[in-house]
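Source file: work_39.cif. Holds: mmCIF, C-alpha atoms.
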```
data_work
loop_
_atom_site.label_atom_id
_atom_site.label_comp_id
_atom_site.auth_asym_id
_atom_site.auth_seq_id
_atom_site.Cartn_x
_atom_site.Cartn_y
_atom_site.Cartn_z
CA MET A 1 11.00 -13.93 38.36
CA ASP A 2 14.60 -13.45 39.53
CA GLU A 3 14.94 -15.33 42.79
CA ARG A 4 18.06 -14.49 44.84
CA MET A 5 19.53 -15.90 48.06
CA SER A 6 21.49 -13.95 50.66
CA SER A 7 25.20 -14.81 50.68
CA GLY A 8 25.10 -15.54 54.40
CA ALA A 9 22.13 -17.85 54.31
CA ARG A 10 22.40 -21.61 54.15
CA SER A 11 19.74 -23.82 52.70
CA ARG A 12 18.98 -27.42 52.43
CA ARG A 13 19.11 -29.13 49.08
CA PRO A 14 15.47 -29.56 48.00
CA ALA A 15 14.16 -33.04 47.54
CA PRO A 16 13.78 -34.17 43.90
CA LEU A 17 10.41 -33.49 42.34
CA PRO A 18 8.16 -36.44 41.62
CA THR A 19 8.19 -37.56 37.99
CA ARG A 20 4.60 -36.38 37.34
CA VAL A 21 5.36 -32.90 38.70
CA PHE A 22 8.52 -32.64 36.53
CA LEU A 23 6.59 -33.63 33.41
CA ALA A 24 3.88 -31.05 34.14
CA VAL A 25 6.48 -28.28 34.52
CA ALA A 26 8.19 -29.29 31.28
CA ALA A 27 4.88 -29.27 29.40
CA PHE A 28 4.11 -25.78 30.72
CA VAL A 29 7.52 -24.47 29.55
CA VAL A 30 7.06 -25.96 26.06
CA ALA A 31 3.57 -24.42 25.76
CA LEU A 32 4.94 -21.03 26.85
CA LEU A 33 7.72 -21.18 24.21
CA LEU A 34 5.25 -22.10 21.45
CA THR A 35 2.96 -19.23 22.43
CA THR A 36 5.85 -16.75 22.30
CA ALA A 37 7.08 -18.03 18.93
CA CYS A 38 3.66 -17.59 17.31
CA GLU A 39 3.38 -13.87 17.99
CA ALA A 40 3.25 -12.06 14.60
CA PRO A 41 4.13 -8.43 13.87
CA GLY A 42 1.36 -5.98 13.12
CA GLY A 43 0.75 -4.13 9.86
CA THR A 44 -0.96 -0.87 9.07
CA ALA A 45 -1.76 0.95 5.85
CA THR A 46 -2.85 4.55 5.87
CA ASP A 47 -5.01 5.89 3.08
CA ASP A 48 -3.40 9.24 2.21
CA ARG A 49 -6.85 10.64 1.41
CA ALA A 50 -7.89 10.42 5.09
CA PRO A 51 -6.48 11.33 8.53
CA VAL A 52 -3.83 9.00 9.95
CA PRO A 53 -5.72 6.20 11.77
CA ALA A 54 -4.76 4.16 14.81
CA PRO A 55 -2.86 0.94 13.98
CA PRO A 56 -5.12 -2.10 13.48
CA ALA A 57 -4.69 -5.55 14.96
CA PRO A 58 -1.90 -7.79 13.62
CA SER A 59 -2.60 -9.22 10.16
CA PRO A 60 -1.98 -12.96 9.73
CA TYR A 61 -2.17 -13.04 5.95
CA GLY A 62 0.75 -13.52 3.60
CA VAL A 63 4.48 -13.15 3.97
CA VAL A 64 4.39 -9.43 3.10
CA PHE A 65 1.69 -7.15 4.44
CA LEU A 66 -0.33 -6.06 1.39
CA GLY A 67 2.01 -7.73 -1.08
CA PRO A 68 1.24 -8.03 -4.82
CA GLY A 69 -2.02 -9.90 -5.35
CA ASP A 70 -3.27 -9.38 -1.79
CA CYS A 71 -6.55 -7.64 -1.04
CA SER A 72 -7.50 -4.90 1.40
CA SER A 73 -10.63 -3.72 3.12
CA ARG A 74 -12.09 -0.23 2.75
CA GLY A 75 -12.21 2.61 5.25
CA PRO A 76 -9.73 4.92 6.98
CA VAL A 77 -8.02 1.91 8.60
CA ILE A 78 -6.95 -0.54 5.89
CA ARG A 79 -6.69 -4.22 6.79
CA GLU A 80 -5.44 -7.11 4.71
CA VAL A 81 -8.26 -9.59 4.06
CA PHE A 82 -8.85 -12.67 1.93
CA CYS A 83 -9.69 -11.67 -1.63
CA ARG A 84 -12.86 -13.78 -1.51
CA SER A 85 -14.04 -12.07 1.64
CA GLU A 86 -17.05 -9.79 1.48
CA LYS A 87 -14.85 -7.13 3.10
CA ALA A 88 -12.36 -7.15 0.20
CA ALA A 89 -12.50 -3.84 -1.68
CA ALA A 90 -9.24 -3.49 -3.60
CA THR A 91 -6.27 -5.54 -4.76
CA VAL A 92 -2.55 -4.75 -4.79
CA LEU A 93 -1.15 -4.30 -8.31
CA ALA A 94 2.40 -3.53 -7.16
CA ARG A 95 4.30 -2.92 -3.91
CA HIS A 96 7.43 -0.76 -3.68
CA LEU A 97 9.81 0.68 -1.09
CA GLY A 98 10.20 4.42 -0.60
CA THR A 99 7.64 7.02 -1.62
CA PRO A 100 5.51 7.36 -4.77
CA SER A 101 7.45 10.46 -5.79
CA SER A 102 10.87 8.80 -5.54
CA GLY A 103 10.14 5.12 -6.09
CA PRO A 104 9.06 3.16 -9.18
CA PRO A 105 5.84 4.35 -10.83
CA CYS A 106 2.60 2.49 -10.23
CA PRO A 107 0.88 0.64 -13.10
CA ASP A 108 -1.43 2.75 -15.28
CA ALA A 109 -4.50 0.91 -13.93
CA THR A 110 -3.86 2.11 -10.35
CA ASP A 111 -6.94 3.69 -8.75
CA PHE A 112 -5.23 4.92 -5.58
CA VAL A 113 -1.99 4.59 -3.62
CA LEU A 114 -1.60 3.47 0.00
CA HIS A 115 1.34 4.42 2.22
CA VAL A 116 2.17 1.21 4.07
CA SER A 117 4.13 0.57 7.26
CA GLU A 118 4.63 -2.71 9.13
CA THR A 119 5.23 -2.61 12.87
CA GLY A 120 6.10 -5.10 15.56
CA THR A 121 9.11 -7.14 16.65
CA GLY A 122 10.45 -9.24 13.81
CA ALA A 123 9.32 -8.03 10.39
CA ARG A 124 8.03 -10.65 7.97
CA SER A 125 10.10 -9.26 5.09
CA ARG A 126 12.29 -6.34 4.11
CA LEU A 127 9.24 -4.67 2.55
CA THR A 128 8.26 -3.15 5.87
CA THR A 129 7.61 0.39 4.62
CA GLY A 130 6.69 1.82 1.27
CA TYR A 131 3.57 2.13 -0.83
CA ALA A 132 1.04 -0.15 -2.50
CA CYS A 133 -0.55 0.53 -5.88
CA MET A 134 -4.21 -0.38 -5.48
CA ARG A 135 -7.12 -1.07 -7.86
CA ASN A 136 -10.73 -1.36 -6.81
CA LEU A 137 -12.24 -4.81 -7.23
CA GLU A 138 -15.43 -3.22 -8.60
CA PRO A 139 -16.17 0.05 -10.46
CA PRO A 140 -15.69 2.94 -10.30
CA HIS A 141 -12.07 2.96 -11.46
CA PRO A 142 -10.83 6.55 -11.22
CA GLY A 143 -7.44 5.47 -12.57
CA ASP A 144 -8.85 4.46 -15.97
CA PRO A 145 -8.19 6.86 -18.86
CA GLY A 146 -10.56 9.81 -19.00
CA GLN A 147 -12.17 9.26 -15.60
CA GLY A 148 -10.59 12.31 -14.00
CA GLY A 149 -9.04 10.63 -10.97
CA GLY A 150 -6.31 8.30 -9.90
CA PRO A 151 -2.74 9.05 -8.88
CA LEU A 152 -1.30 9.06 -12.43
CA THR A 153 -1.91 10.97 -15.64
CA VAL A 154 -1.97 8.50 -18.54
CA VAL A 155 -2.76 8.51 -22.23
CA GLY A 156 -6.47 9.17 -22.66
CA ASP A 157 -6.77 11.45 -19.64
CA CYS A 158 -7.98 15.03 -19.88
CA VAL A 159 -6.35 17.95 -18.07
CA THR A 160 -6.80 21.67 -17.59
CA ALA A 161 -3.78 23.98 -17.58
CA SER A 162 -3.07 27.05 -15.46
CA ARG A 163 -0.88 30.05 -16.20
CA ALA A 164 1.65 28.75 -13.70
CA GLY A 165 2.38 25.83 -16.00
CA GLU A 166 0.57 23.28 -13.85
CA VAL A 167 -2.12 20.87 -15.04
CA THR A 168 -5.07 19.36 -13.20
CA GLU A 169 -6.67 16.12 -14.29
CA THR A 170 -10.37 16.29 -15.03
CA ALA A 171 -12.96 13.87 -16.35
CA CYS A 172 -13.23 13.98 -20.13
CA ALA A 173 -17.03 13.69 -19.89
CA ASP A 174 -17.31 16.67 -17.52
CA ALA A 175 -18.84 19.56 -19.45
CA GLY A 176 -18.51 22.08 -16.59
CA GLY A 177 -15.85 24.72 -16.18
CA ARG A 178 -14.55 27.38 -18.53
CA ALA A 179 -10.87 26.45 -18.51
CA PRO A 180 -9.57 24.93 -21.76
CA ARG A 181 -9.22 21.18 -21.62
CA TYR A 182 -6.61 19.04 -23.28
CA ARG A 183 -6.57 15.31 -23.95
CA VAL A 184 -3.32 13.36 -23.72
CA GLU A 185 -3.17 11.61 -27.09
CA SER A 186 0.19 9.85 -26.80
CA ALA A 187 3.32 9.44 -24.68
CA VAL A 188 6.90 9.76 -25.98
CA ARG A 189 10.44 9.94 -24.65
CA ARG A 190 11.18 13.48 -25.88
CA ARG A 191 9.11 16.52 -26.82
CA ALA A 192 10.48 16.46 -30.35
CA GLN A 193 8.71 13.13 -30.87
CA CYS A 194 5.24 14.62 -30.28
CA PRO A 195 3.03 15.27 -33.35
CA GLY A 196 3.15 18.71 -34.89
CA ASP A 197 -0.42 19.52 -33.79
CA THR A 198 0.43 19.09 -30.08
CA ASP A 199 -0.96 21.98 -28.02
CA LEU A 200 0.36 21.05 -24.59
CA PHE A 201 3.17 18.93 -23.15
CA VAL A 202 2.26 17.03 -19.98
CA SER A 203 4.79 15.49 -17.58
CA LEU A 204 4.19 11.77 -17.09
CA ARG A 205 6.09 9.04 -15.26
CA GLY A 206 7.71 5.94 -16.65
CA GLU A 207 9.79 5.18 -19.71
CA LYS A 208 7.86 7.74 -21.79
CA PRO A 209 7.69 10.83 -19.56
CA VAL A 210 6.25 13.31 -22.09
CA GLY A 211 2.54 13.42 -22.84
CA CYS A 212 1.41 14.97 -26.11
CA ALA A 213 -1.95 16.68 -25.56
CA ARG A 214 -4.33 18.45 -27.90
CA ARG A 215 -7.02 20.95 -27.01
CA SER A 216 -10.38 19.20 -26.75
CA THR A 217 -13.33 20.55 -28.69
CA GLY A 218 -15.76 17.64 -28.69
CA TRP A 219 -16.64 17.48 -24.96
#
```
What would you get if you wrote out this structure as structure tokens?
Amino acid sequence: MDERMSSGARSRRPAPLPTRVFLAVAAFVVALLLTTACEAPGGTATDDRAPVPAPPAPSPYGVVFLGPGDCSSRGPVIREVFCRSEKAAATVLARHLGTPSSGPPCPDATDFVLHVSETGTGARSRLTTGYACMRNLEPPHPGDPGQGGGPLTVVGDCVTASRAGEVTETACADAGGRAPRYRVESAVRRRAQCPGDTDLFVSLRGEKPVGCARRSTGW
């Protein structure tokens, strides 16, 4: 509190505080400073498959919120938890700045991607915003080849093609649908490196951005 005194007022000099009172005041100030210094910034991660949730309580784990090797809970509001906790549902394979479309690609084993933001005064690291490449601790793993899910198309996945030149990933074991299906057999740097029996070229990410796919007949 800002205590002020009128310029025209005169006051007596207060008597010195007893030693015990002075020590009590000093202890209170030290405790207040320690309490303020221990306040940690909060962290939130929004699953892009669900509506944007309200920010959760501050997370005390790790130097980086949802850094590589950390684990998260499940649900629309993602929290960082100990990997041995019964609430742990997925682990972080990689953590990058930016957006998935402009930043480094996630590992092939990624099951889903989380958009991450860290809030609060005093960030714990420069990785305050970006995305985390996640893998479920237990099956199912939609990011595995042929499962028909996940954020990436990898070798072993099956896709259907439209007349507009777009492809949609589908499970290789799914017998439904009338659209022709193609299986990505290999990945190369250039189209000319695909085998001669390639029926469809699929855009991938990474060092080998061209997928060589053949029309599937055995599913």
*Name the residues that the PyMOL selection byres ((chain A and resi 140-151) around 8) picks from the file above, as JSON, numbers by chain, using the file's chain letters and numbers.*
{"A": [108, 109, 110, 111, 112, 113, 135, 136, 138, 139, 152, 153, 154, 155, 156, 157, 158, 169, 170, 171, 172, 173]}
*Name the residues in contact with Leu66 of chain A at a cut-off of 7 Å, using only C-alpha atoms, excluding same-chain residues fewer than 5 positions from it; report them as a PyMOL selection string.*
chain A and resi 71+80+92
*If you apply the PyMOL selection byres ((chain A and resi 189) around 7) to this file, what residues do you get, as a list in words?*
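That expression, the PyMOL selection byres ((chain A and resi 189) around 7), corresponds here to Val188, Arg190, Glu207, Lys208, Pro209 and Val210 of chain A.
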Filtering to C-alpha atoms, could you give me those residues as a PDB file, in the frame of the given file?
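File out03.pdb, as written:
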```pdb
ATOM      1  CA  VAL A 188       6.900   9.760 -25.980  1.00  0.00           C
ATOM      2  CA  ARG A 190      11.180  13.480 -25.880  1.00  0.00           C
ATOM      3  CA  GLU A 207       9.790   5.180 -19.710  1.00  0.00           C
ATOM      4  CA  LYS A 208       7.860   7.740 -21.790  1.00  0.00           C
ATOM      5  CA  PRO A 209       7.690  10.830 -19.560  1.00  0.00           C
ATOM      6  CA  VAL A 210       6.250  13.310 -22.090  1.00  0.00           C
TER       7      VAL A 210
END
```
*Give the answer as one residue: which of A:Arg191, A:Thr198, A:Asp70, A:Ala88 has the shortest atom-to-atom distance to Leu137 of chain A, using all atoms listed in the file?*
A:Ala88
*Evaluate the PyMOL selection byres ((chain A and resi 212) around 9) on the structure here and hand back the selected residues as a PyMOL selection string.*
chain A and resi 155+183-188+191+193-195+198-202+210-211+213-214
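Across the model, the gap from atom CA of Pro180 of chain A to atom CA of Arg215 of chain A is 7.1 Å.
Straight-line separation from atom CA of Ala192 of chain A to atom CA of Arg163 of chain A: 22.7 Å.
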_Just the number, please: distance in Å from atom CA of Tyr131 of chain A to atom CA of Thr99 of chain A, one decimal._
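Between atom CA of Tyr131 of chain A and atom CA of Thr99 of chain A the gap works out to 6.4 Å.
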Reconstruct N, CA and C atoms of segment 74-93 of chain A; output as a PDB file, in the frame of the given file.
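Everything below was put into result-v5.pdb:
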```
ATOM      1  N   ARG A  74     -11.893  -1.660   2.994  1.00  0.00           N
ATOM      2  CA  ARG A  74     -12.090  -0.230   2.750  1.00  0.00           C
ATOM      3  C   ARG A  74     -12.191   0.500   4.079  1.00  0.00           C
ATOM      4  N   GLY A  75     -12.099   1.819   4.033  1.00  0.00           N
ATOM      5  CA  GLY A  75     -12.210   2.610   5.250  1.00  0.00           C
ATOM      6  C   GLY A  75     -10.920   3.315   5.583  1.00  0.00           C
ATOM      7  N   PRO A  76     -10.933   4.180   6.591  1.00  0.00           N
ATOM      8  CA  PRO A  76      -9.730   4.920   6.980  1.00  0.00           C
ATOM      9  C   PRO A  76      -8.630   4.011   7.527  1.00  0.00           C
ATOM     10  N   VAL A  77      -9.002   2.881   8.134  1.00  0.00           N
ATOM     11  CA  VAL A  77      -8.020   1.910   8.600  1.00  0.00           C
ATOM     12  C   VAL A  77      -8.069   0.711   7.655  1.00  0.00           C
ATOM     13  N   ILE A  78      -6.995   0.511   6.905  1.00  0.00           N
ATOM     14  CA  ILE A  78      -6.950  -0.540   5.890  1.00  0.00           C
ATOM     15  C   ILE A  78      -6.409  -1.820   6.509  1.00  0.00           C
ATOM     16  N   ARG A  79      -7.122  -2.921   6.305  1.00  0.00           N
ATOM     17  CA  ARG A  79      -6.690  -4.220   6.790  1.00  0.00           C
ATOM     18  C   ARG A  79      -6.536  -5.179   5.616  1.00  0.00           C
ATOM     19  N   GLU A  80      -5.587  -6.081   5.724  1.00  0.00           N
ATOM     20  CA  GLU A  80      -5.440  -7.110   4.710  1.00  0.00           C
ATOM     21  C   GLU A  80      -6.463  -8.206   4.969  1.00  0.00           C
ATOM     22  N   VAL A  81      -7.208  -8.584   3.935  1.00  0.00           N
ATOM     23  CA  VAL A  81      -8.260  -9.590   4.060  1.00  0.00           C
ATOM     24  C   VAL A  81      -8.131 -10.576   2.899  1.00  0.00           C
ATOM     25  N   PHE A  82      -8.811 -11.724   3.029  1.00  0.00           N
ATOM     26  CA  PHE A  82      -8.850 -12.670   1.930  1.00  0.00           C
ATOM     27  C   PHE A  82      -9.585 -12.038   0.749  1.00  0.00           C
ATOM     28  N   CYS A  83      -9.088 -12.298  -0.454  1.00  0.00           N
ATOM     29  CA  CYS A  83      -9.690 -11.670  -1.630  1.00  0.00           C
ATOM     30  C   CYS A  83     -11.121 -12.136  -1.874  1.00  0.00           C
ATOM     31  N   ARG A  84     -11.494 -13.284  -1.352  1.00  0.00           N
ATOM     32  CA  ARG A  84     -12.860 -13.780  -1.510  1.00  0.00           C
ATOM     33  C   ARG A  84     -13.778 -13.318  -0.396  1.00  0.00           C
ATOM     34  N   SER A  85     -13.226 -12.573   0.539  1.00  0.00           N
ATOM     35  CA  SER A  85     -14.040 -12.070   1.640  1.00  0.00           C
ATOM     36  C   SER A  85     -14.967 -10.967   1.167  1.00  0.00           C
ATOM     37  N   GLU A  86     -16.122 -10.854   1.808  1.00  0.00           N
ATOM     38  CA  GLU A  86     -17.050  -9.790   1.480  1.00  0.00           C
ATOM     39  C   GLU A  86     -16.505  -8.416   1.861  1.00  0.00           C
ATOM     40  N   LYS A  87     -15.463  -8.395   2.694  1.00  0.00           N
ATOM     41  CA  LYS A  87     -14.850  -7.130   3.100  1.00  0.00           C
ATOM     42  C   LYS A  87     -13.790  -6.662   2.105  1.00  0.00           C
ATOM     43  N   ALA A  88     -13.396  -7.516   1.165  1.00  0.00           N
ATOM     44  CA  ALA A  88     -12.360  -7.150   0.200  1.00  0.00           C
ATOM     45  C   ALA A  88     -12.867  -6.050  -0.715  1.00  0.00           C
ATOM     46  N   ALA A  89     -12.084  -4.976  -0.857  1.00  0.00           N
ATOM     47  CA  ALA A  89     -12.500  -3.840  -1.680  1.00  0.00           C
ATOM     48  C   ALA A  89     -11.522  -3.520  -2.790  1.00  0.00           C
ATOM     49  N   ALA A  90     -10.241  -3.833  -2.598  1.00  0.00           N
ATOM     50  CA  ALA A  90      -9.240  -3.490  -3.600  1.00  0.00           C
ATOM     51  C   ALA A  90      -8.114  -4.514  -3.564  1.00  0.00           C
ATOM     52  N   THR A  91      -7.384  -4.620  -4.670  1.00  0.00           N
ATOM     53  CA  THR A  91      -6.270  -5.540  -4.760  1.00  0.00           C
ATOM     54  C   THR A  91      -4.980  -4.788  -5.037  1.00  0.00           C
ATOM     55  N   VAL A  92      -3.856  -5.378  -4.634  1.00  0.00           N
ATOM     56  CA  VAL A  92      -2.550  -4.750  -4.790  1.00  0.00           C
ATOM     57  C   VAL A  92      -1.984  -5.097  -6.171  1.00  0.00           C
ATOM     58  N   LEU A  93      -1.761  -4.089  -7.001  1.00  0.00           N
ATOM     59  CA  LEU A  93      -1.150  -4.300  -8.310  1.00  0.00           C
ATOM     60  C   LEU A  93       0.362  -4.360  -8.218  1.00  0.00           C
TER      61      LEU A  93
END
```
